[in-house]
Structures are given as C-alpha cells and as structure tokens.
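K.L.:
Just my_file_1.cif, nothing more (mmCIF, C-alpha atoms):
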```
data_input
loop_
_atom_site.group_PDB
_atom_site.id
_atom_site.type_symbol
_atom_site.label_atom_id
_atom_site.label_comp_id
_atom_site.auth_asym_id
_atom_site.auth_seq_id
_atom_site.Cartn_x
_atom_site.Cartn_y
_atom_site.Cartn_z
ATOM 1 C CA MET X 18 -35.825 63.949 -10.508
ATOM 2 C CA ASN X 19 -33.192 65.532 -12.659
ATOM 3 C CA LEU X 20 -30.190 65.125 -10.359
ATOM 4 C CA PRO X 21 -26.885 63.401 -11.138
ATOM 5 C CA LEU X 22 -27.450 60.278 -9.041
ATOM 6 C CA HIS X 23 -25.359 57.141 -8.991
ATOM 7 C CA PHE X 24 -26.420 54.024 -10.857
ATOM 8 C CA GLY X 25 -27.749 50.852 -9.277
ATOM 9 C CA LEU X 26 -28.912 50.426 -5.712
ATOM 10 C CA LEU X 27 -26.859 53.368 -4.446
ATOM 11 C CA GLY X 28 -28.688 55.730 -6.803
ATOM 12 C CA SER X 29 -32.031 54.307 -5.702
ATOM 13 C CA LEU X 30 -31.108 54.845 -2.059
ATOM 14 C CA GLU X 31 -30.058 58.424 -2.840
ATOM 15 C CA ALA X 32 -33.411 59.047 -4.532
ATOM 16 C CA GLY X 33 -35.179 57.570 -1.493
ATOM 17 C CA ALA X 34 -33.219 59.869 0.843
ATOM 18 C CA ILE X 35 -34.139 62.897 -1.262
ATOM 19 C CA ALA X 36 -37.771 61.773 -1.185
ATOM 20 C CA LEU X 37 -37.551 61.515 2.619
ATOM 21 C CA LEU X 38 -36.490 65.160 2.780
ATOM 22 C CA VAL X 39 -39.299 66.128 0.395
ATOM 23 C CA GLY X 40 -41.808 64.329 2.626
ATOM 24 C CA LEU X 41 -40.454 66.039 5.730
ATOM 25 C CA LEU X 42 -40.682 69.450 4.084
ATOM 26 C CA ALA X 43 -44.179 68.765 2.733
ATOM 27 C CA TYR X 44 -45.469 67.783 6.170
ATOM 28 C CA PHE X 45 -43.820 70.835 7.728
ATOM 29 C CA LEU X 46 -45.600 73.102 5.244
ATOM 30 C CA PHE X 47 -48.990 71.388 5.537
ATOM 31 C CA HIS X 48 -48.716 71.200 9.330
ATOM 32 C CA HIS X 49 -48.345 74.972 9.573
ATOM 33 C CA LEU X 50 -50.968 75.577 6.904
ATOM 34 C CA GLY X 51 -53.312 73.188 8.697
ATOM 35 C CA ARG X 52 -52.815 74.903 12.026
ATOM 36 C CA SER X 53 -53.777 78.257 10.543
ATOM 37 C CA LEU X 54 -56.812 76.725 8.793
ATOM 38 C CA ARG X 55 -57.688 74.529 11.836
ATOM 39 C CA TRP X 56 -57.336 71.241 9.989
ATOM 40 C CA THR X 57 -57.026 67.914 11.743
ATOM 41 C CA HIS X 58 -53.753 65.990 11.604
ATOM 42 C CA GLY X 59 -55.319 63.661 9.044
ATOM 43 C CA HIS X 60 -55.740 66.431 6.502
ATOM 44 C CA ALA X 61 -52.129 67.518 6.867
ATOM 45 C CA LEU X 62 -50.923 63.907 6.656
ATOM 46 C CA GLY X 63 -53.009 63.151 3.581
ATOM 47 C CA TRP X 64 -52.086 66.244 1.618
ATOM 48 C CA ALA X 65 -48.411 65.984 2.556
ATOM 49 C CA SER X 66 -48.303 62.304 1.600
ATOM 50 C CA GLY X 67 -49.943 62.841 -1.760
ATOM 51 C CA LEU X 68 -47.845 65.867 -2.636
ATOM 52 C CA SER X 69 -44.538 64.348 -1.543
ATOM 53 C CA VAL X 70 -45.130 61.132 -3.503
ATOM 54 C CA ALA X 71 -46.185 63.086 -6.584
ATOM 55 C CA VAL X 72 -43.186 65.416 -6.407
ATOM 56 C CA SER X 73 -40.505 62.880 -5.552
ATOM 57 C CA ALA X 74 -41.639 59.822 -7.511
ATOM 58 C CA GLY X 75 -44.018 61.243 -10.095
ATOM 59 C CA ILE X 76 -41.765 61.250 -13.148
ATOM 60 C CA ASP X 77 -40.302 57.836 -12.424
ATOM 61 C CA MET X 78 -43.768 56.370 -11.745
ATOM 62 C CA TRP X 79 -44.999 57.781 -15.057
ATOM 63 C CA LYS X 80 -42.065 56.291 -16.959
ATOM 64 C CA LEU X 81 -42.619 52.902 -15.303
ATOM 65 C CA PHE X 82 -46.353 53.042 -16.079
ATOM 66 C CA TYR X 83 -45.732 54.152 -19.666
ATOM 67 C CA MET X 84 -43.274 51.327 -20.316
ATOM 68 C CA GLY X 85 -45.769 48.799 -18.981
ATOM 69 C CA ILE X 86 -48.771 50.059 -20.954
ATOM 70 C CA VAL X 87 -47.458 51.270 -24.305
ATOM 71 C CA ARG X 88 -46.405 48.562 -26.695
ATOM 72 C CA MET X 89 -42.904 49.188 -27.908
ATOM 73 C CA GLU X 90 -43.283 47.679 -31.360
ATOM 74 C CA SER X 91 -39.826 48.385 -32.618
ATOM 75 C CA PRO X 92 -36.486 47.981 -30.878
ATOM 76 C CA PHE X 93 -35.536 51.413 -32.189
ATOM 77 C CA TYR X 94 -38.414 53.148 -30.344
ATOM 78 C CA ALA X 95 -37.744 51.094 -27.236
ATOM 79 C CA ARG X 96 -34.107 52.191 -27.252
ATOM 80 C CA LEU X 97 -35.127 55.823 -27.784
ATOM 81 C CA TYR X 98 -37.464 55.713 -24.790
ATOM 82 C CA LEU X 99 -35.002 53.847 -22.573
ATOM 83 C CA ALA X 100 -32.400 56.519 -23.346
ATOM 84 C CA THR X 101 -34.592 59.095 -21.569
ATOM 85 C CA ILE X 102 -34.469 57.111 -18.302
ATOM 86 C CA HIS X 103 -31.487 57.674 -15.997
ATOM 87 C CA ASP X 104 -31.083 54.045 -14.893
ATOM 88 C CA PRO X 105 -33.642 51.789 -16.600
ATOM 89 C CA ASN X 106 -32.379 48.654 -14.848
ATOM 90 C CA GLU X 107 -33.264 50.028 -11.405
ATOM 91 C CA LEU X 108 -36.407 52.000 -12.291
ATOM 92 C CA GLY X 109 -38.785 49.800 -10.291
ATOM 93 C CA THR X 110 -36.526 49.784 -7.250
ATOM 94 C CA ARG X 111 -36.118 53.537 -7.452
ATOM 95 C CA VAL X 112 -39.886 54.089 -7.595
ATOM 96 C CA VAL X 113 -40.483 51.849 -4.583
ATOM 97 C CA LEU X 114 -37.733 53.511 -2.534
ATOM 98 C CA GLU X 115 -38.962 56.987 -3.497
ATOM 99 C CA ILE X 116 -42.482 56.159 -2.328
ATOM 100 C CA ILE X 117 -41.186 54.607 0.904
ATOM 101 C CA GLY X 118 -38.885 57.584 1.459
ATOM 102 C CA ALA X 119 -41.625 60.156 0.864
ATOM 103 C CA LEU X 120 -44.081 58.443 3.187
ATOM 104 C CA SER X 121 -41.381 57.898 5.808
ATOM 105 C CA GLY X 122 -40.497 61.586 5.658
ATOM 106 C CA VAL X 123 -44.126 62.532 6.238
ATOM 107 C CA ALA X 124 -44.339 60.086 9.150
ATOM 108 C CA LEU X 125 -41.093 61.409 10.612
ATOM 109 C CA GLY X 126 -42.398 64.958 10.301
ATOM 110 C CA TRP X 127 -45.641 63.962 11.992
ATOM 111 C CA VAL X 128 -43.762 62.436 14.907
ATOM 112 C CA ALA X 129 -41.437 65.427 15.214
ATOM 113 C CA PHE X 130 -43.951 68.257 14.842
ATOM 114 C CA SER X 131 -47.003 66.671 16.468
ATOM 115 C CA SER X 132 -45.210 65.752 19.684
ATOM 116 C CA ARG X 133 -43.871 69.300 20.022
ATOM 117 C CA SER X 134 -47.253 70.946 19.387
ATOM 118 C CA ALA X 135 -49.089 68.456 21.629
ATOM 119 C CA SER X 136 -46.718 69.041 24.543
ATOM 120 C CA GLY X 137 -47.019 72.795 24.175
ATOM 121 C CA SER X 138 -50.815 72.877 24.057
ATOM 122 C CA SER X 139 -51.686 70.219 26.611
ATOM 123 C CA ASP X 140 -53.844 71.403 29.469
ATOM 124 C CA PRO X 141 -52.842 70.036 32.913
ATOM 125 C CA ASP X 142 -55.720 68.905 35.105
#
```
As a first step, turn the structure in this file into structure tokens.
P.N.:
Amino acid sequence: MNLPLHFGLLGSLEAGAIALLVGLLAYFLFHHLGRSLRWTHGHALGWASGLSVAVSAGIDMWKLFYMGIVRMESPFYARLYLATIHDPNELGTRVVLEIIGALSGVALGWVAFSSRSASGSSDPD
C-alpha cells in the first residue's frame, strides 16, 4: 500500500481499516458476480477472501517473506532494503492486521449482503 500512513500501531490499524474496506468491496463485487453466474456463497467468499488479502497485504507480506528468506550479508544491503519499507519496525503487525482486516471485511460483507438477499428470496410456506 503506497499511502502516507502513520508510524507504529496507529499506522498498522489504519492499514487494517483500509484492508477491511477492500474486503467489503471485494465481497460486494464477487457477490454480484456470483449471483449472475449462479455460484454458491462459498465461491464468492473464497474468491473475495483471496483477492482482498492479496490486494491489501500482498506487498507487505512479500517484503516480510523476502526479509526472512534472503540472507542480508552486508549491513549496507540490509539498510538499502529496509529503506524501501514504510515502517520496518511494525511490518509484522501491519501484515497481521491487514489480513485480519481483509477477512473481517469479507465476513462483514457476507453478513450484510447475504441477509438482505436471503430475506428477499425466501419463500413463505
């Protein structure tokens, strides 16, 4: 995410809130796409979850993975790579909160849109 966020826990919470909105939007799009293609709710939930996590936390997850796998053999190269990260001290927290936010947004969208479509299409006996 290339937004001017705060540093520390506040910036991580902001990134999580943005990820929540991304998850909500992703479920909204896949819910309507799934209704036109006659998908089950599971397909819409799965695709929305995967897409929202990849969009909202993808870059930060890659940077966290890269720092854990690649051996930084020189302090110079380590400093160069750390300079590309917005807040390297809170990278792990930001990734976790982005994933939680994205999945929470999808779940919130499922609750909001599924209850409305279920109440509108229920057949009284």
K.L.:
Do you know which residues the PyMOL selection byres ((chain X and resi 61-76) around 9) returns on this file, as a PDB file with C-alpha atoms, in the frame of the given file?
P.N.:
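Contents of result34.pdb, freshly written:
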```
ATOM      1  CA  MET X  18     -35.825  63.949 -10.508  1.00  0.00           C
ATOM      2  CA  ALA X  32     -33.411  59.047  -4.532  1.00  0.00           C
ATOM      3  CA  GLY X  33     -35.179  57.570  -1.493  1.00  0.00           C
ATOM      4  CA  ILE X  35     -34.139  62.897  -1.262  1.00  0.00           C
ATOM      5  CA  ALA X  36     -37.771  61.773  -1.185  1.00  0.00           C
ATOM      6  CA  LEU X  37     -37.551  61.515   2.619  1.00  0.00           C
ATOM      7  CA  VAL X  39     -39.299  66.128   0.395  1.00  0.00           C
ATOM      8  CA  GLY X  40     -41.808  64.329   2.626  1.00  0.00           C
ATOM      9  CA  LEU X  41     -40.454  66.039   5.730  1.00  0.00           C
ATOM     10  CA  LEU X  42     -40.682  69.450   4.084  1.00  0.00           C
ATOM     11  CA  ALA X  43     -44.179  68.765   2.733  1.00  0.00           C
ATOM     12  CA  TYR X  44     -45.469  67.783   6.170  1.00  0.00           C
ATOM     13  CA  PHE X  45     -43.820  70.835   7.728  1.00  0.00           C
ATOM     14  CA  LEU X  46     -45.600  73.102   5.244  1.00  0.00           C
ATOM     15  CA  PHE X  47     -48.990  71.388   5.537  1.00  0.00           C
ATOM     16  CA  HIS X  48     -48.716  71.200   9.330  1.00  0.00           C
ATOM     17  CA  HIS X  49     -48.345  74.972   9.573  1.00  0.00           C
ATOM     18  CA  LEU X  50     -50.968  75.577   6.904  1.00  0.00           C
ATOM     19  CA  GLY X  51     -53.312  73.188   8.697  1.00  0.00           C
ATOM     20  CA  TRP X  56     -57.336  71.241   9.989  1.00  0.00           C
ATOM     21  CA  THR X  57     -57.026  67.914  11.743  1.00  0.00           C
ATOM     22  CA  HIS X  58     -53.753  65.990  11.604  1.00  0.00           C
ATOM     23  CA  GLY X  59     -55.319  63.661   9.044  1.00  0.00           C
ATOM     24  CA  HIS X  60     -55.740  66.431   6.502  1.00  0.00           C
ATOM     25  CA  ASP X  77     -40.302  57.836 -12.424  1.00  0.00           C
ATOM     26  CA  MET X  78     -43.768  56.370 -11.745  1.00  0.00           C
ATOM     27  CA  TRP X  79     -44.999  57.781 -15.057  1.00  0.00           C
ATOM     28  CA  LYS X  80     -42.065  56.291 -16.959  1.00  0.00           C
ATOM     29  CA  LEU X  81     -42.619  52.902 -15.303  1.00  0.00           C
ATOM     30  CA  ARG X 111     -36.118  53.537  -7.452  1.00  0.00           C
ATOM     31  CA  VAL X 112     -39.886  54.089  -7.595  1.00  0.00           C
ATOM     32  CA  VAL X 113     -40.483  51.849  -4.583  1.00  0.00           C
ATOM     33  CA  LEU X 114     -37.733  53.511  -2.534  1.00  0.00           C
ATOM     34  CA  GLU X 115     -38.962  56.987  -3.497  1.00  0.00           C
ATOM     35  CA  ILE X 116     -42.482  56.159  -2.328  1.00  0.00           C
ATOM     36  CA  ILE X 117     -41.186  54.607   0.904  1.00  0.00           C
ATOM     37  CA  GLY X 118     -38.885  57.584   1.459  1.00  0.00           C
ATOM     38  CA  ALA X 119     -41.625  60.156   0.864  1.00  0.00           C
ATOM     39  CA  LEU X 120     -44.081  58.443   3.187  1.00  0.00           C
ATOM     40  CA  GLY X 122     -40.497  61.586   5.658  1.00  0.00           C
ATOM     41  CA  VAL X 123     -44.126  62.532   6.238  1.00  0.00           C
ATOM     42  CA  ALA X 124     -44.339  60.086   9.150  1.00  0.00           C
ATOM     43  CA  TRP X 127     -45.641  63.962  11.992  1.00  0.00           C
TER      44      TRP X 127
END
```
K.L.:
Please indicate the distance in Å from CA of Leu22 (chain X) to CA of His103 (chain X), rounded to one decimal place.
P.N.:
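Between these atoms lies a distance of 8.5 Å.
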K.L.:
Record the distance separating CA of Leu27 (chain X) and CA of Gly109 (chain X), expressed in Å with one decimal.
P.N.:
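Pair CA of Leu27 (chain X) / CA of Gly109 (chain X) returns 13.8 Å.
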K.L.:
When distances are computed from all atoms listed in the file, which of X:Leu54, X:Val128, X:Met84, X:Ala95 shows the smallest separation from Leu108 (chain X)?
P.N.:
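Using all atoms listed in the file, Leu108 (chain X) sits closest to X:Met84.
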K.L.:
Closest to Ala34 (chain X) among X:Gly126, X:Val87, X:Ser131, X:Ser121, using all atoms listed in the file?
P.N.:
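Among the listed residues, X:Ser121 lies closest to Ala34 (chain X).
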K.L.:
For the file shown, report as a list of chain:residue names the outcome of the PyMOL selection byres ((chain X and resi 107) around 8) at residue level.
P.N.:
X:Phe24, X:Gly25, X:Leu26, X:Ser29, X:Asp104, X:Pro105, X:Asn106, X:Leu108, X:Gly109, X:Thr110, X:Arg111
K.L.:
For CA of Leu125 (chain X) and CA of Ile102 (chain X), determine how far apart the two atoms are, in Å to one decimal place.
P.N.:
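Here the two named atoms are 30.0 Å from each other.
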K.L.:
What are the centre and edge lengths in Å, to one decimal, of the axis-aligned box around all listed atoms of region 63-80 of chain X with 5 Å added on each side, as JSON?
P.N.:
```
{"center_x": -46.7, "center_y": 61.3, "center_z": -6.7, "size_x": 22.7, "size_y": 20.0, "size_z": 30.5}
```
K.L.:
Any chance you could build region 61-72 of chain X out to all heavy atoms and write it as a PDB file, in the coordinates of the input?
P.N.:
```
ATOM      1  N   ALA X  61     -53.531  67.173   7.129  1.00  0.00           N
ATOM      2  CA  ALA X  61     -52.129  67.518   6.867  1.00  0.00           C
ATOM      3  C   ALA X  61     -51.353  66.282   6.420  1.00  0.00           C
ATOM      4  O   ALA X  61     -50.539  66.356   5.496  1.00  0.00           O
ATOM      5  CB  ALA X  61     -51.498  68.122   8.117  1.00  0.00           C
ATOM      6  N   LEU X  62     -51.601  65.144   7.047  1.00  0.00           N
ATOM      7  CA  LEU X  62     -50.923  63.907   6.656  1.00  0.00           C
ATOM      8  C   LEU X  62     -51.293  63.497   5.237  1.00  0.00           C
ATOM      9  O   LEU X  62     -50.428  63.114   4.445  1.00  0.00           O
ATOM     10  CB  LEU X  62     -51.279  62.770   7.617  1.00  0.00           C
ATOM     11  CG  LEU X  62     -50.569  62.760   8.959  1.00  0.00           C
ATOM     12  CD1 LEU X  62     -51.213  61.747   9.879  1.00  0.00           C
ATOM     13  CD2 LEU X  62     -49.109  62.448   8.765  1.00  0.00           C
ATOM     14  N   GLY X  63     -52.551  63.561   4.907  1.00  0.00           N
ATOM     15  CA  GLY X  63     -53.009  63.151   3.581  1.00  0.00           C
ATOM     16  C   GLY X  63     -52.461  64.024   2.470  1.00  0.00           C
ATOM     17  O   GLY X  63     -51.953  63.532   1.463  1.00  0.00           O
ATOM     18  N   TRP X  64     -52.582  65.339   2.649  1.00  0.00           N
ATOM     19  CA  TRP X  64     -52.086  66.244   1.618  1.00  0.00           C
ATOM     20  C   TRP X  64     -50.571  66.176   1.489  1.00  0.00           C
ATOM     21  O   TRP X  64     -50.025  66.221   0.381  1.00  0.00           O
ATOM     22  CB  TRP X  64     -52.532  67.678   1.902  1.00  0.00           C
ATOM     23  CG  TRP X  64     -53.946  67.919   1.501  1.00  0.00           C
ATOM     24  CD1 TRP X  64     -55.021  68.001   2.319  1.00  0.00           C
ATOM     25  CD2 TRP X  64     -54.440  68.077   0.174  1.00  0.00           C
ATOM     26  NE1 TRP X  64     -56.156  68.208   1.590  1.00  0.00           N
ATOM     27  CE2 TRP X  64     -55.829  68.267   0.269  1.00  0.00           C
ATOM     28  CE3 TRP X  64     -53.849  68.086  -1.077  1.00  0.00           C
ATOM     29  CZ2 TRP X  64     -56.624  68.458  -0.844  1.00  0.00           C
ATOM     30  CZ3 TRP X  64     -54.646  68.280  -2.192  1.00  0.00           C
ATOM     31  CH2 TRP X  64     -56.014  68.466  -2.071  1.00  0.00           C
ATOM     32  N   ALA X  65     -49.880  66.071   2.609  1.00  0.00           N
ATOM     33  CA  ALA X  65     -48.411  65.984   2.556  1.00  0.00           C
ATOM     34  C   ALA X  65     -47.966  64.679   1.905  1.00  0.00           C
ATOM     35  O   ALA X  65     -47.003  64.668   1.130  1.00  0.00           O
ATOM     36  CB  ALA X  65     -47.834  66.109   3.958  1.00  0.00           C
ATOM     37  N   SER X  66     -48.664  63.590   2.204  1.00  0.00           N
ATOM     38  CA  SER X  66     -48.303  62.304   1.600  1.00  0.00           C
ATOM     39  C   SER X  66     -48.509  62.326   0.092  1.00  0.00           C
ATOM     40  O   SER X  66     -47.632  61.907  -0.674  1.00  0.00           O
ATOM     41  CB  SER X  66     -49.133  61.176   2.212  1.00  0.00           C
ATOM     42  OG  SER X  66     -48.872  61.044   3.574  1.00  0.00           O
ATOM     43  N   GLY X  67     -49.665  62.791  -0.326  1.00  0.00           N
ATOM     44  CA  GLY X  67     -49.943  62.841  -1.760  1.00  0.00           C
ATOM     45  C   GLY X  67     -48.996  63.752  -2.517  1.00  0.00           C
ATOM     46  O   GLY X  67     -48.474  63.386  -3.575  1.00  0.00           O
ATOM     47  N   LEU X  68     -48.736  64.925  -1.965  1.00  0.00           N
ATOM     48  CA  LEU X  68     -47.845  65.867  -2.636  1.00  0.00           C
ATOM     49  C   LEU X  68     -46.404  65.358  -2.664  1.00  0.00           C
ATOM     50  O   LEU X  68     -45.728  65.459  -3.688  1.00  0.00           O
ATOM     51  CB  LEU X  68     -47.899  67.227  -1.954  1.00  0.00           C
ATOM     52  CG  LEU X  68     -47.029  68.298  -2.596  1.00  0.00           C
ATOM     53  CD1 LEU X  68     -47.635  68.740  -3.918  1.00  0.00           C
ATOM     54  CD2 LEU X  68     -46.854  69.468  -1.676  1.00  0.00           C
ATOM     55  N   SER X  69     -45.938  64.794  -1.570  1.00  0.00           N
ATOM     56  CA  SER X  69     -44.538  64.348  -1.543  1.00  0.00           C
ATOM     57  C   SER X  69     -44.311  63.155  -2.468  1.00  0.00           C
ATOM     58  O   SER X  69     -43.263  63.071  -3.116  1.00  0.00           O
ATOM     59  CB  SER X  69     -44.112  64.018  -0.118  1.00  0.00           C
ATOM     60  OG  SER X  69     -44.855  62.944   0.393  1.00  0.00           O
ATOM     61  N   VAL X  70     -45.276  62.250  -2.563  1.00  0.00           N
ATOM     62  CA  VAL X  70     -45.130  61.132  -3.503  1.00  0.00           C
ATOM     63  C   VAL X  70     -45.182  61.632  -4.938  1.00  0.00           C
ATOM     64  O   VAL X  70     -44.392  61.209  -5.785  1.00  0.00           O
ATOM     65  CB  VAL X  70     -46.199  60.041  -3.245  1.00  0.00           C
ATOM     66  CG1 VAL X  70     -46.256  59.045  -4.380  1.00  0.00           C
ATOM     67  CG2 VAL X  70     -45.921  59.323  -1.940  1.00  0.00           C
ATOM     68  N   ALA X  71     -46.083  62.554  -5.216  1.00  0.00           N
ATOM     69  CA  ALA X  71     -46.185  63.086  -6.584  1.00  0.00           C
ATOM     70  C   ALA X  71     -44.935  63.859  -6.989  1.00  0.00           C
ATOM     71  O   ALA X  71     -44.465  63.739  -8.129  1.00  0.00           O
ATOM     72  CB  ALA X  71     -47.414  63.988  -6.697  1.00  0.00           C
ATOM     73  N   VAL X  72     -44.371  64.619  -6.075  1.00  0.00           N
ATOM     74  CA  VAL X  72     -43.186  65.416  -6.407  1.00  0.00           C
ATOM     75  C   VAL X  72     -41.946  64.536  -6.523  1.00  0.00           C
ATOM     76  O   VAL X  72     -41.167  64.658  -7.464  1.00  0.00           O
ATOM     77  CB  VAL X  72     -42.972  66.527  -5.351  1.00  0.00           C
ATOM     78  CG1 VAL X  72     -41.595  67.142  -5.461  1.00  0.00           C
ATOM     79  CG2 VAL X  72     -44.029  67.591  -5.495  1.00  0.00           C
TER      80      VAL X  72
END
```
